[in-house]
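Q: Hey, dropping final_23.cif in here, mmCIF, C-alpha atoms:
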```cif
data_target
#
loop_
_atom_site.label_atom_id
_atom_site.label_comp_id
_atom_site.auth_asym_id
_atom_site.auth_seq_id
_atom_site.Cartn_x
_atom_site.Cartn_y
_atom_site.Cartn_z
CA MET A 1 19.20 -37.85 22.87
CA SER A 2 19.27 -39.08 26.47
CA ARG A 3 17.58 -37.15 29.23
CA ARG A 4 20.92 -36.32 30.75
CA ALA A 5 22.33 -35.03 27.46
CA PHE A 6 19.21 -32.94 26.94
CA VAL A 7 19.50 -31.34 30.39
CA ARG A 8 23.20 -30.65 29.82
CA SER A 9 22.57 -29.03 26.44
CA ALA A 10 19.67 -26.99 27.81
CA SER A 11 21.80 -25.75 30.73
CA LEU A 12 24.63 -24.74 28.43
CA GLY A 13 22.22 -22.94 26.12
CA THR A 14 20.67 -21.08 29.04
CA LEU A 15 24.11 -20.02 30.25
CA VAL A 16 25.03 -18.67 26.84
CA ILE A 17 21.78 -16.71 26.62
CA ALA A 18 22.15 -15.43 30.19
CA LEU A 19 25.65 -14.15 29.49
CA GLY A 20 24.21 -12.28 26.53
CA GLY A 21 26.61 -10.15 24.60
CA ALA A 22 28.92 -9.54 27.54
CA GLY A 23 31.36 -12.24 26.55
CA TYR A 24 32.16 -10.84 23.15
CA CYS A 25 34.59 -8.21 24.35
CA LEU A 26 35.69 -9.32 27.82
CA ALA A 27 39.23 -8.27 28.68
CA SER A 28 41.75 -10.88 29.77
CA GLU A 29 42.05 -11.91 33.40
CA GLU A 30 45.61 -10.61 33.38
CA ASP A 31 44.45 -7.13 32.32
CA GLU A 32 41.80 -7.18 35.02
CA LYS A 33 44.29 -8.18 37.71
CA LYS A 34 46.63 -5.44 36.57
CA ALA A 35 43.81 -2.87 36.66
CA ARG A 36 42.87 -3.91 40.19
CA ALA A 37 46.45 -3.52 41.33
CA THR A 38 46.94 -0.11 39.70
CA ASN A 39 45.96 3.18 41.30
CA ARG A 40 44.96 6.39 39.57
CA ALA A 41 46.75 9.67 40.19
CA ASP A 42 44.16 10.49 42.88
CA GLY A 43 44.99 7.25 44.73
CA ARG A 44 41.78 5.44 43.87
CA PRO A 45 42.04 2.04 42.18
CA LYS A 46 41.86 2.05 38.40
CA LEU A 47 39.10 -0.57 38.55
CA PRO A 48 36.37 0.47 41.02
CA PRO A 49 34.94 -2.20 43.35
CA GLY A 50 32.47 -4.64 41.84
CA GLN A 51 33.49 -3.85 38.25
CA TYR A 52 34.90 -6.15 35.54
CA LEU A 53 36.74 -5.17 32.39
CA LEU A 54 35.50 -4.92 28.83
CA LYS A 55 37.66 -4.00 25.87
CA ARG A 56 35.24 -1.51 24.39
CA ILE A 57 32.22 0.37 25.59
CA ARG A 58 28.88 -1.29 25.19
CA PRO A 59 25.87 0.75 24.12
CA MET A 60 23.19 0.18 26.73
CA GLY A 61 20.12 1.29 24.87
CA GLY A 62 17.94 4.32 25.37
CA THR A 63 15.63 6.15 23.03
CA GLU A 64 17.82 6.80 20.02
CA GLY A 65 17.93 10.42 18.92
CA ASP A 66 18.54 11.89 15.50
CA PRO A 67 22.17 11.14 14.56
CA SER A 68 22.28 13.90 11.91
CA PRO A 69 25.01 16.45 12.62
CA GLY A 70 23.20 18.95 10.41
CA GLY A 71 20.05 18.90 12.51
CA TRP A 72 21.79 18.85 15.89
CA ARG A 73 21.37 21.78 18.28
CA LEU A 74 22.57 22.20 21.84
CA ALA A 75 20.92 24.73 24.17
CA VAL A 76 22.94 25.95 27.14
CA SER A 77 20.54 27.62 29.56
CA GLY A 78 19.34 28.10 33.12
CA GLU A 79 21.33 29.98 35.75
CA VAL A 80 23.55 31.69 33.20
CA ASP A 81 23.97 35.29 32.04
CA ALA A 82 24.57 34.40 28.39
CA PRO A 83 22.41 31.47 27.31
CA PHE A 84 23.15 30.23 23.82
CA THR A 85 22.35 27.55 21.28
CA ILE A 86 24.98 26.07 19.01
CA ASP A 87 24.87 23.77 16.03
CA PHE A 88 27.35 21.04 15.18
CA ALA A 89 29.53 23.26 12.98
CA GLU A 90 29.90 25.75 15.84
CA LEU A 91 30.76 22.94 18.22
CA LEU A 92 33.57 21.87 15.90
CA LYS A 93 34.90 25.45 15.82
CA MET A 94 35.36 25.50 19.60
CA THR A 95 38.62 24.39 21.16
CA GLN A 96 38.82 20.63 20.69
CA VAL A 97 40.43 18.32 23.21
CA ASP A 98 41.47 14.68 22.98
CA GLN A 99 41.06 12.83 26.22
CA THR A 100 41.81 9.33 27.41
CA CYS A 101 39.74 8.23 30.37
CA ASP A 102 38.05 5.23 31.95
CA VAL A 103 34.34 4.49 31.69
CA HIS A 104 32.38 2.75 34.45
CA CYS A 105 28.88 1.44 33.83
CA VAL A 106 26.46 0.78 36.69
CA THR A 107 25.87 -2.68 35.17
CA LYS A 108 29.41 -3.47 36.39
CA TRP A 109 31.54 -3.22 33.28
CA THR A 110 34.48 -0.86 32.97
CA VAL A 111 36.49 0.13 29.91
CA LEU A 112 39.93 1.57 30.52
CA ASP A 113 41.61 4.23 28.42
CA ALA A 114 38.69 5.09 26.17
CA LYS A 115 39.65 7.89 23.78
CA TRP A 116 37.25 10.79 23.26
CA THR A 117 37.37 14.00 21.26
CA GLY A 118 35.20 16.99 21.96
CA VAL A 119 34.79 20.19 23.92
CA LYS A 120 35.31 20.65 27.64
CA LEU A 121 32.11 21.30 29.52
CA ALA A 122 33.96 24.02 31.44
CA ASP A 123 34.46 25.88 28.14
CA LEU A 124 30.73 25.76 27.39
CA ALA A 125 29.99 26.93 30.94
CA SER A 126 32.48 29.74 30.59
CA ARG A 127 30.86 30.92 27.36
CA ALA A 128 27.43 30.86 29.04
CA LYS A 129 28.73 32.81 32.05
CA VAL A 130 27.32 30.59 34.77
CA ARG A 131 25.92 32.53 37.73
CA PRO A 132 27.17 31.90 41.28
CA SER A 133 23.64 30.71 42.13
CA ALA A 134 24.10 27.56 39.96
CA ARG A 135 24.74 24.43 42.00
CA HIS A 136 23.88 21.58 39.66
CA VAL A 137 23.88 20.75 35.96
CA ILE A 138 21.05 18.91 34.24
CA PHE A 139 21.98 17.15 31.02
CA GLU A 140 18.96 17.00 28.74
CA ALA A 141 18.79 14.46 25.95
CA PHE A 142 16.52 13.16 23.27
CA GLY A 143 13.26 11.57 24.38
CA GLY A 144 13.09 13.44 27.69
CA TYR A 145 16.13 11.73 29.24
CA THR A 146 17.87 13.78 31.91
CA ALA A 147 20.81 13.27 34.27
CA ASN A 148 21.86 15.52 37.14
CA VAL A 149 25.43 16.22 38.22
CA PRO A 150 26.71 18.60 40.93
CA LEU A 151 28.23 21.70 39.32
CA ARG A 152 31.66 21.17 40.89
CA GLU A 153 31.92 17.71 39.35
CA ALA A 154 30.42 18.77 36.01
CA LEU A 155 33.11 21.42 35.63
CA ALA A 156 35.96 19.00 36.37
CA SER A 157 38.66 19.10 33.72
CA ASN A 158 37.81 15.64 32.40
CA VAL A 159 34.12 16.27 31.75
CA MET A 160 33.38 16.91 28.10
CA LEU A 161 30.88 17.05 25.29
CA ALA A 162 32.26 14.37 22.97
CA HIS A 163 31.62 13.80 19.28
CA LYS A 164 34.31 11.20 18.60
CA TYR A 165 35.15 7.89 20.24
CA GLU A 166 38.41 6.11 19.42
CA GLY A 167 39.09 8.59 16.63
CA GLN A 168 35.81 7.93 14.83
CA PRO A 169 32.61 9.98 14.82
CA LEU A 170 30.29 8.68 17.53
CA ALA A 171 28.32 5.62 16.49
CA ARG A 172 24.57 6.05 16.50
CA SER A 173 24.18 3.68 19.42
CA HIS A 174 26.73 5.69 21.42
CA GLY A 175 24.74 8.91 21.12
CA ALA A 176 25.66 10.40 17.74
CA PRO A 177 26.31 13.11 16.95
CA ALA A 178 27.33 14.22 20.46
CA ARG A 179 27.18 12.98 24.04
CA ILE A 180 28.35 13.98 27.49
CA VAL A 181 31.28 12.15 29.09
CA VAL A 182 31.55 12.30 32.90
CA PRO A 183 34.28 9.72 33.51
CA ASP A 184 34.25 9.73 37.32
CA LEU A 185 30.56 8.90 37.72
CA TYR A 186 28.62 5.87 36.54
CA PHE A 187 28.06 6.24 32.85
CA TRP A 188 24.28 6.79 32.92
CA LYS A 189 25.21 10.36 33.92
CA SER A 190 26.94 10.74 30.55
CA ALA A 191 23.81 11.49 28.55
CA LYS A 192 23.74 10.33 24.94
CA TRP A 193 21.98 12.26 22.13
CA ILE A 194 22.47 15.41 24.18
CA THR A 195 20.20 18.35 23.38
CA GLY A 196 20.63 20.68 26.33
CA ILE A 197 22.78 21.65 29.29
CA ARG A 198 20.83 23.42 32.00
CA PHE A 199 22.48 25.03 35.01
CA VAL A 200 20.17 25.04 38.03
CA SER A 201 20.30 26.29 41.61
CA SER A 202 18.57 23.29 43.17
CA ASP A 203 19.03 19.62 42.35
CA ARG A 204 16.57 17.81 40.07
CA PRO A 205 17.01 14.04 40.01
CA GLY A 206 16.99 12.77 36.44
CA TYR A 207 15.56 9.84 34.53
CA TRP A 208 17.32 6.97 36.33
CA GLU A 209 17.67 8.85 39.62
CA THR A 210 13.88 8.97 39.90
CA ARG A 211 13.70 5.27 39.10
CA GLY A 212 15.72 4.00 42.02
CA TYR A 213 19.28 4.70 40.95
CA HIS A 214 21.63 6.68 43.17
CA ASN A 215 21.51 10.44 42.91
CA HIS A 216 25.29 10.83 42.87
CA ALA A 217 26.67 7.64 41.22
CA ASP A 218 30.27 7.45 42.48
CA PRO A 219 31.73 4.13 41.21
CA TRP A 220 34.34 3.94 44.00
CA LYS A 221 31.59 4.13 46.63
CA GLU A 222 29.41 1.76 44.59
CA GLU A 223 26.62 4.31 44.56
CA ARG A 224 24.47 2.25 42.24
CA TYR A 225 21.03 2.39 43.84
CA GLY A 226 19.37 5.08 45.93
CA MET B 1 -15.24 -36.27 22.01
CA ALA B 2 -11.79 -37.83 22.28
CA GLU B 3 -11.48 -39.00 25.84
CA SER B 4 -13.76 -41.45 27.62
CA ASP B 5 -15.10 -41.09 31.12
CA ALA B 6 -12.82 -43.94 32.13
CA GLU B 7 -9.88 -41.57 32.21
CA GLU B 8 -11.41 -39.78 35.14
CA GLY B 9 -11.21 -42.63 37.61
CA ALA B 10 -11.96 -46.30 38.05
CA SER B 11 -13.31 -47.97 34.95
CA PRO B 12 -16.39 -50.22 35.08
CA PRO B 13 -15.88 -53.98 34.84
CA LYS B 14 -15.79 -55.17 31.26
CA GLY B 15 -19.26 -55.72 29.91
CA ALA B 16 -21.00 -54.26 32.92
CA PRO B 17 -23.57 -51.62 32.19
CA ARG B 18 -22.29 -48.22 33.19
CA GLU B 19 -25.41 -47.53 35.23
CA ALA B 20 -24.95 -50.76 37.22
CA HIS B 21 -21.35 -49.91 38.08
CA GLN B 22 -22.17 -46.47 39.29
CA GLY B 23 -25.33 -47.51 41.07
CA LYS B 24 -27.97 -45.03 41.97
CA LYS B 25 -25.65 -42.71 43.88
CA LYS B 26 -24.00 -40.84 41.09
CA LYS B 27 -24.78 -39.91 37.52
CA PRO B 28 -21.86 -39.97 35.11
CA GLN B 29 -20.24 -36.58 34.66
CA ARG B 30 -20.50 -36.06 30.95
CA TRP B 31 -19.33 -32.46 30.95
CA ARG B 32 -15.72 -33.16 31.80
CA PRO B 33 -14.79 -34.90 28.51
CA TRP B 34 -16.33 -31.98 26.66
CA LEU B 35 -14.32 -29.60 28.79
CA ARG B 36 -11.13 -31.50 28.05
CA ALA B 37 -11.82 -31.55 24.34
CA MET B 38 -12.47 -27.82 24.32
CA HIS B 39 -9.37 -27.13 26.40
CA ARG B 40 -7.27 -29.28 24.10
CA ASP B 41 -8.47 -27.70 20.86
CA ILE B 42 -8.29 -24.11 22.06
CA GLY B 43 -4.85 -24.95 23.43
CA TYR B 44 -3.69 -26.14 20.01
CA VAL B 45 -4.97 -22.95 18.39
CA CYS B 46 -3.15 -20.85 20.97
CA VAL B 47 0.25 -22.55 20.58
CA GLY B 48 1.54 -20.25 17.84
CA LEU B 49 0.33 -17.08 19.50
CA THR B 50 1.68 -18.21 22.86
CA PHE B 51 5.17 -18.70 21.42
CA ILE B 52 5.08 -15.30 19.76
CA TYR B 53 3.83 -13.51 22.87
CA ALA B 54 6.18 -15.37 25.20
CA LEU B 55 9.21 -14.67 23.02
CA SER B 56 8.38 -11.02 22.54
CA GLY B 57 7.45 -10.64 26.21
CA LEU B 58 10.88 -11.94 27.21
CA ALA B 59 12.45 -9.59 24.68
CA VAL B 60 10.54 -6.61 26.05
CA ASN B 61 11.53 -7.52 29.62
CA HIS B 62 15.20 -8.13 28.88
CA LEU B 63 16.05 -5.73 26.09
CA THR B 64 19.29 -4.52 27.59
CA ASP B 65 20.37 -7.98 28.78
CA TRP B 66 20.15 -9.42 25.31
CA SER B 67 21.10 -6.60 23.04
CA ASP B 68 22.29 -3.07 22.82
CA GLY B 69 19.00 -1.24 22.89
CA ASP B 70 16.01 -2.31 20.89
CA ALA B 71 16.01 -6.11 20.62
CA SER B 72 14.16 -5.77 17.34
CA PHE B 73 17.38 -4.51 15.78
CA LYS B 74 20.96 -5.71 15.89
CA THR B 75 23.72 -3.11 16.10
CA TYR B 76 26.60 -3.65 13.68
CA SER B 77 29.73 -1.87 12.53
CA THR B 78 31.94 -2.79 9.59
CA SER B 79 34.72 -1.07 7.66
CA HIS B 80 35.36 -0.67 3.95
CA GLU B 81 38.57 0.46 2.26
CA MET B 82 37.44 2.41 -0.80
CA GLY B 83 40.57 4.35 -1.75
CA PRO B 84 40.69 8.16 -1.86
CA LEU B 85 37.25 9.67 -2.38
CA LYS B 86 37.23 12.73 -4.59
CA GLY B 87 34.55 15.09 -5.88
CA GLU B 88 31.52 16.84 -4.47
CA ASP B 89 29.97 15.47 -1.29
CA GLN B 90 26.84 14.32 -3.11
CA ALA B 91 28.93 12.56 -5.76
CA ILE B 92 31.01 10.79 -3.09
CA ALA B 93 27.84 9.70 -1.32
CA ASP B 94 26.34 8.37 -4.56
CA ASP B 95 29.57 6.54 -5.37
CA LEU B 96 29.71 4.93 -1.90
CA ARG B 97 26.06 3.91 -2.08
CA ARG B 98 26.67 2.26 -5.43
CA ARG B 99 29.85 0.46 -4.33
CA ILE B 100 28.50 -0.69 -0.97
CA GLY B 101 25.09 -1.51 -2.42
CA ILE B 102 22.82 0.87 -0.57
CA GLU B 103 19.60 1.66 -2.41
CA GLU B 104 18.17 4.00 0.20
CA ALA B 105 18.68 7.74 -0.31
CA PRO B 106 20.59 9.47 2.48
CA ARG B 107 18.76 11.70 4.92
CA GLU B 108 21.80 13.92 5.26
CA ILE B 109 25.30 14.37 3.85
CA TYR B 110 27.45 16.35 6.27
CA ARG B 111 31.03 17.52 5.75
CA GLN B 112 32.45 17.38 9.26
CA SER B 113 35.99 18.38 8.31
CA PRO B 114 38.06 18.58 5.11
CA ASP B 115 38.63 14.83 5.21
CA GLU B 116 35.53 13.59 7.06
CA LEU B 117 32.16 13.05 5.45
CA GLU B 118 29.08 11.80 7.30
CA ILE B 119 26.34 10.14 5.28
CA ILE B 120 23.24 9.50 7.36
CA PHE B 121 20.46 7.05 6.44
CA ASP B 122 17.41 6.06 8.40
CA LYS B 123 19.02 3.19 10.36
CA ARG B 124 22.55 3.40 9.03
CA SER B 125 25.49 5.84 8.92
CA LEU B 126 28.62 5.93 6.80
CA HIS B 127 31.59 7.74 8.35
CA ALA B 128 33.96 8.30 5.45
CA ASN B 129 37.52 9.56 5.56
CA THR B 130 37.77 11.01 2.07
CA THR B 131 41.57 11.15 2.12
CA THR B 132 42.25 7.55 3.09
CA GLY B 133 39.02 6.05 1.78
CA HIS B 134 38.38 4.32 5.10
CA VAL B 135 34.61 4.06 5.57
CA VAL B 136 32.95 2.92 8.78
CA ASP B 137 29.51 1.52 8.04
CA GLU B 138 27.43 1.29 11.21
CA GLY B 139 23.81 1.08 12.15
CA GLN B 140 21.08 -1.36 12.96
CA LYS B 141 19.79 -4.39 11.11
CA PRO B 142 16.33 -5.71 11.87
CA ARG B 143 15.98 -9.07 13.59
CA PHE B 144 13.03 -10.38 11.65
CA ILE B 145 11.36 -12.65 14.20
CA LEU B 146 11.89 -10.42 17.22
CA ARG B 147 10.87 -7.33 15.28
CA VAL B 148 7.62 -8.89 14.13
CA ALA B 149 7.01 -10.39 17.57
CA ASN B 150 7.56 -7.05 19.30
CA TRP B 151 5.46 -5.30 16.74
CA LEU B 152 2.61 -7.63 17.57
CA HIS B 153 3.27 -7.73 21.32
CA LEU B 154 3.19 -3.97 21.68
CA ASN B 155 0.14 -3.65 19.44
CA ARG B 156 2.00 -1.47 16.97
CA GLY B 157 0.30 -3.32 14.18
CA LYS B 158 -2.88 -2.34 12.50
CA LYS B 159 -5.90 -1.86 14.69
CA ALA B 160 -7.41 -5.13 13.54
CA TRP B 161 -4.70 -6.90 15.52
CA THR B 162 -6.31 -5.59 18.70
CA TYR B 163 -9.24 -7.92 18.06
CA VAL B 164 -6.88 -10.86 17.61
CA ALA B 165 -5.06 -9.94 20.80
CA ASP B 166 -8.34 -9.59 22.70
CA GLY B 167 -9.47 -12.96 21.36
CA TYR B 168 -6.18 -14.51 22.43
CA ALA B 169 -6.49 -13.05 25.92
CA ALA B 170 -10.05 -14.37 26.19
CA SER B 171 -8.87 -17.79 24.98
CA LEU B 172 -6.20 -17.84 27.69
CA MET B 173 -8.86 -17.15 30.29
CA VAL B 174 -10.98 -20.00 28.90
CA LEU B 175 -7.91 -22.26 29.05
CA ALA B 176 -7.19 -21.19 32.61
CA VAL B 177 -10.73 -21.77 33.82
CA SER B 178 -11.26 -25.03 31.93
CA GLY B 179 -7.85 -26.23 33.11
CA MET B 180 -8.95 -25.89 36.71
CA PHE B 181 -11.81 -28.36 36.22
CA MET B 182 -10.10 -30.94 34.03
CA ILE B 183 -9.11 -33.29 36.80
CA ALA B 184 -11.47 -34.49 39.50
CA GLY B 185 -10.57 -35.51 43.00
CA LYS B 186 -7.62 -34.67 45.21
CA LYS B 187 -5.36 -33.75 42.34
CA GLY B 188 -8.04 -31.38 41.06
CA LEU B 189 -9.51 -28.19 42.34
CA ILE B 190 -10.54 -29.63 45.69
CA GLY B 191 -6.98 -30.78 46.43
CA ARG B 192 -3.56 -29.65 45.31
CA GLY B 193 -5.17 -27.74 42.42
CA ALA B 194 -6.68 -25.27 44.88
CA VAL B 195 -3.33 -24.76 46.60
CA LEU B 196 -1.53 -24.16 43.31
CA VAL B 197 -4.23 -21.83 42.00
CA GLY B 198 -3.98 -19.91 45.27
CA LEU B 199 -0.21 -19.71 44.84
CA GLY B 200 -0.60 -18.35 41.34
CA ILE B 201 -3.00 -15.67 42.53
CA ALA B 202 -0.79 -14.88 45.53
CA ILE B 203 2.32 -14.12 43.46
CA PRO B 204 1.05 -10.87 41.89
CA VAL B 205 -0.94 -9.95 45.02
CA ILE B 206 2.13 -10.25 47.28
CA TYR B 207 4.35 -8.48 44.76
CA VAL B 208 1.95 -5.55 44.41
CA SER B 209 1.51 -5.40 48.20
CA PHE B 210 5.24 -5.00 48.76
CA ALA B 211 6.41 -3.22 45.65
CA GLY B 212 3.27 -1.83 44.08
CA PRO B 213 2.53 1.74 43.07
#
```
Here is a file; write its structure as structure tokens.
A:
Amino acid sequence: MSRRAFVRSASLGTLVIALGGAGYCLASEEDEKKARATNRADGRPKLPPGQYLLKRIRPMGGTEGDPSPGGWRLAVSGEVDAPFTIDFAELLKMTQVDQTCDVHCVTKWTVLDAKWTGVKLADLASRAKVRPSARHVIFEAFGGYTANVPLREALASNVMLAHKYEGQPLARSHGAPARIVVPDLYFWKSAKWITGIRFVSSDRPGYWETRGYHNHADPWKEERYG
Amino acid sequence: MAESDAEEGASPPKGAPREAHQGKKKKPQRWRPWLRAMHRDIGYVCVGLTFIYALSGLAVNHLTDWSDGDASFKTYSTSHEMGPLKGEDQAIADDLRRRIGIEEAPREIYRQSPDELEIIFDKRSLHANTTTGHVVDEGQKPRFILRVANWLHLNRGKKAWTYVADGYAASLMVLAVSGMFMIAGKKGLIGRGAVLVGLGIAIPVIYVSFAGP
């Protein structure tokens, strides 16, 4: 092999490795153009600035929790009058909603029209009787992971505790058996392997927020880093 | 000793006694060939370990760039069409294990709804629709080399490995120090070598100064 051929092959190999797994589910350029040109009902563009399109959500790691539905428990606590803990069977007995929404990851990929099934966070808050003193919600997950969201945004109608994605039970790498979905913030706020929802009166930056990521995480303002 | 002193600089004229060539000013430096030989042989021994540590170090640094989560495992998802699944949950699970070829016993069998059965294994889950027989088989498969490399890199192995790792670290220090003295003259430690060694030391010092704890 000539030196030039070697350098060319090495460069190509490096490029493939650098692109990693991103290429395997990239959406078409046409879809991306269309998404950039389309606005949501609230007037904001469907594809936030700096994002590109994937066809399906990509699990981004994290300390994997126990995927067993039978062992799952969720504690709703903090600034509430009626704290409670539910198991997976109780979660399934609550009013279930199907929701189609977009997902925006801080690593710049977006998936449009992801389909989720689960329970609205507002319903869980209503059952817990959240006190007026509550201002923020802390999502607590396996391995000590936490994410903070202002109460007003956490109780938005599209925020949910999901146990199905695209009609199938959540995959282990997506947070089985249940995860939070906060579609209008970068997806690190949507804690996987959720174990607790704590309502608090003062803000407590979470796992990534204390490691240099933005405290709020609005994709349309590109609030990636603090 | 593999290399001769001649490699270090000008060689004596053919047939001339070494002492005559070098005169009375300088005695031949006999330590450098020994140093080179030691550096070379320790270097050969360290090749395998260096590859393992370098590969696993890159994996540890770039887990999320390369894979979805732990680079030691590859996430997969496949589907099977098994036809309607009837009977008790345990019987369905046993039947699926037999037909898919899973030897491991499930950690949990969970009836999520009248037509949805979850069968959970250690690193694998089966999501079965008992009415249609559609089974999603998802989980993680180990990547042998990366898993072993990470296992060693993070000292998750048996305690004895700590001694190997310590020995490897000491060998690297020997290589670093002996490497500094392998070449004499301006290309060695009194010339560009000093500048490059300084650069190597400066990189972590500057980084820690600006971004340290």
Q: Any chance you could work out the axis-aligned box around range 212-216 of chain A, listed atoms only, 4 Å on each side, giving centre and edge lengths in Å to one decimal, as AutoDock Vina command-line options?
A:
```
--center_x 20.5 --center_y 7.4 --center_z 42.1 --size_x 17.6 --size_y 14.8 --size_z 10.2
```
Q: Quick check on the file I pasted: which residues fall under the PyMOL selection byres ((chain A) within 10 of (chain B))? Write them as a PyMOL selection string.
A: chain A and resi 17-22+58-64+66-71+88-89+92+107+168-174+176
Q: Need the shell around Tyr145 in chain A: protein/DNA/RNA residues with any atom at most 10 Å away, counting all atoms listed in the file. Skip same-chain ones fewer than 2 positions apart. Format as a list in words?
A: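 Everything that qualifies: Gly62, Thr63, Phe139, Glu140, Ala141, Phe142, Gly143, Ala147, Ala191, Lys192, Trp193, Ile194, Thr195, Gly206, Tyr207 and Trp208 of chain A.
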Q: Could you please determine the separation between CA of Leu175 in chain B and CA of Ile145 in chain B in Å, to one decimal place?
A: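 CA of Ile145 in chain B lies 26.2 Å from CA of Leu175 in chain B.
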Q: Hey, can you check how far CA of Ala134 in chain A sits from CA of Pro205 in chain A?
A: 15.3 Å
